[in-house]
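Down below is the structure, laid out as structure tokens.
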Amino acid sequence: MIPPTQPAKPRTATSLPRLLSGWLAGGFGFVVVMLGGWWFTVAVGVIVHLGLLEFFRMAQFKGIRPATKTTLVAVQLLLVTTQLASGSDLLGGGWFAGDVAAAVLPASGAVICGWLLLQPVTGTIADIAASIFGLFYLGFLPSYWIRLRDLAGDALAPNLAGQPWPASAGLALTLLACFLIVATDIGSYVIGRRLGRHPLSPISPGKTVEGALGGVACAVAVGAFGGTLIGWSWGWLIGAVLGAVVALFALVGDLTESMMKRDAGLKDSGDAIPGHGGILDRIDSYLFVPAVVYSLVTLVLPLLQG
């Protein structure tokens, strides 16, 4: 068991640039989620492009030579085809419906490996692994935000049935997922700052067990409220479970990025956001969550609603 630590020194007040950039980022995210469609897809594409550049920068600090340009293009192609497939489904079918978007992932992996084979210095296992992981981490996983936002169906959000635009199941579920992540972050920060004594992981010394539990508790509360608001049967219970799951996967995303920064010897992934560090430092909690939420609401929720 990790022994308790001494109370942390009082932290300085949050800087004005950090507050302003945080509010601007949150406002921008809310607007594009509300708009949905191609507005949302383009916004996701820009964010993951910048995040992928930071990821490859970290890899290069370790002497790895990933297929940067090829992977950047492959990620955007994956996001675009995901939106095209979702749009085709909403319109009743089309050439991009079905598994076309899913086929981009293995095809892109093969192209990336082929590109590395053609380089003057043959790629290594590390080069291949970094490139394929970048495609998965900042391409395949974020594409589930697009899938989630484009979901439709009265059973997924009964209280929104028959409501005019922009109300939809996809909008409600995307906002709920985002609010759960925000609740996790706020709960972890507030509880960890006030009550944190036991370090959670050496990968991220600032995080504590108490903070992590506080984040889960806040997400459970928000999830219970959101599930009731959406109108699920036993909505408070299902929402609470969803909140706990999201909190755990958000924490895994946060610690995963911290692990990569620690390995690369970097404090932040970049300096794109004043007071917050890089893009990856802000979106790490948002990467694993959408695939989990999408799977739960499309595979598990229908079984529970019966």
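Just remember, in the structure tokens the first chain shown is A, the second B, etc., residues are 1-based per chain, and ligands are 1-based in the order shown.
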List the neighbours of Ala291 in chain A out to 8 Å using only C-alpha atoms; skip same-chain residues closer than 5 positions along the sequence, and give me the result as a list in words. Leu141, Tyr144 and Trp145 of chain A
I'd like the contact shell of Val297 in chain A - 12 Å cut-off, only C-alpha atoms, skipping same-chain residues fewer than 2 positions apart - returned as a VMD selection string. chain A and resid 147 to 148 151 to 153 155 to 157 169 to 170 172 to 174 176 to 177 227 232 238 to 239 241 to 242 290 to 295 299 to 305
DSSP says alpha helix (DSSP H) for which residues of range 45-277 of chain A? Put them as JSON, numbers by chain? {"A": [45, 46, 47, 48, 49, 50, 51, 52, 53, 54, 55, 56, 57, 58, 59, 60, 61, 68, 69, 70, 71, 72, 73, 74, 75, 76, 77, 78, 79, 80, 81, 82, 83, 84, 85, 86, 87, 88, 89, 90, 100, 101, 102, 103, 104, 105, 106, 107, 108, 109, 110, 111, 112, 113, 114, 115, 116, 117, 125, 126, 127, 128, 129, 130, 131, 132, 133, 134, 135, 141, 142, 143, 144, 145, 146, 147, 148, 149, 169, 170, 171, 172, 173, 174, 175, 176, 177, 178, 179, 180, 181, 182, 183, 184, 185, 186, 187, 188, 189, 190, 191, 192, 193, 194, 195, 209, 210, 211, 212, 213, 214, 215, 216, 217, 218, 219, 220, 221, 222, 223, 224, 225, 226, 227, 228, 229, 230, 235, 236, 237, 238, 239, 240, 241, 242, 243, 244, 245, 246, 247, 248, 249, 250, 251, 252, 253, 254, 255, 256, 257, 258, 259, 260, 261, 262, 263, 264]}
Which of A:Leu266, A:Leu135, A:Cys113, A:Ile230 sits closest to Leu175 in chain A [using only C-alpha atoms]: A:Ile230
Excluding same-chain residues fewer than 3 positions from Ala102 in chain A, what lies within 12 Å of it counting only C-alpha atoms, as a list in words? Leu77, Leu78, Leu79, Val80, Thr81, Thr82, Gln83, Leu84, Ala85, Ser86, Phe96, Ala97, Gly98, Asp99, Leu105, Pro106, Ala107, Ser108, Phe136, Gly139, Phe140, Leu141, Ser143, Tyr144 and Arg147 of chain A
Write out as a VMD selection string the residues lying within 12 Å of Gly26 in chain A, counting only C-alpha atoms and excluding same-chain residues fewer than 4 positions away. chain A and resid 19 to 22 30 to 33 175 178 to 179 182 282 to 283
Computed interatomic separation between CA of Pro202 in chain A and CA of Ala217 in chain A (Å): 22.8 Å
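Near Arg57 in chain A, within 10 Å and counting only C-alpha atoms, sit Gly51, Gly63, Ile64, Arg65, Pro66, Thr68, Ala264, Ser269 and Gly270 of chain A, not including residues fewer than 6 positions from it in the same chain.
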Find the residues near range 243-254 of chain A: any atom within 6 Å, counting only C-alpha atoms, skip ones fewer than 6 places away on the same chain, and give them as a PDB file with N, CA and C atoms, in the first residue's frame.
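As a result, result_17.pdb now contains:
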```
ATOM      1  N   THR A 184     -16.113  14.736 -13.718  1.00  0.00           N
ATOM      2  CA  THR A 184     -14.985  13.944 -13.215  1.00  0.00           C
ATOM      3  C   THR A 184     -13.782  14.832 -12.947  1.00  0.00           C
ATOM      4  N   VAL A 216     -15.217  10.215  -9.471  1.00  0.00           N
ATOM      5  CA  VAL A 216     -16.215   9.178  -9.748  1.00  0.00           C
ATOM      6  C   VAL A 216     -17.551   9.544  -9.114  1.00  0.00           C
ATOM      7  N   ALA A 219     -19.280  12.264 -11.113  1.00  0.00           N
ATOM      8  CA  ALA A 219     -19.788  11.732 -12.378  1.00  0.00           C
ATOM      9  C   ALA A 219     -21.021  10.868 -12.154  1.00  0.00           C
ATOM     10  N   VAL A 220     -21.040  10.095 -11.081  1.00  0.00           N
ATOM     11  CA  VAL A 220     -22.207   9.276 -10.757  1.00  0.00           C
ATOM     12  C   VAL A 220     -23.424  10.156 -10.508  1.00  0.00           C
ATOM     13  N   GLY A 223     -24.491  11.672 -13.807  1.00  0.00           N
ATOM     14  CA  GLY A 223     -25.060  10.614 -14.634  1.00  0.00           C
ATOM     15  C   GLY A 223     -26.471  10.240 -14.201  1.00  0.00           C
ATOM     16  N   ASP A 284      -7.042  14.536 -23.351  1.00  0.00           N
ATOM     17  CA  ASP A 284      -6.688  13.152 -23.014  1.00  0.00           C
ATOM     18  C   ASP A 284      -7.848  12.399 -22.368  1.00  0.00           C
ATOM     19  N   SER A 285      -8.647  13.087 -21.547  1.00  0.00           N
ATOM     20  CA  SER A 285      -9.781  12.426 -20.891  1.00  0.00           C
ATOM     21  C   SER A 285     -10.928  12.150 -21.862  1.00  0.00           C
ATOM     22  N   VAL A 289     -13.434   7.765 -23.923  1.00  0.00           N
ATOM     23  CA  VAL A 289     -14.831   7.808 -23.475  1.00  0.00           C
ATOM     24  C   VAL A 289     -15.861   7.573 -24.578  1.00  0.00           C
TER      25      VAL A 289
END
```
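Closest approach to Asp150 in chain A among A:Leu52, A:Leu287, A:Ala130, A:Leu171: A:Leu171, based on only C-alpha atoms.
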How many Å separate CA of Ala240 in chain A from CA of Val209 in chain A? 19.9 Å
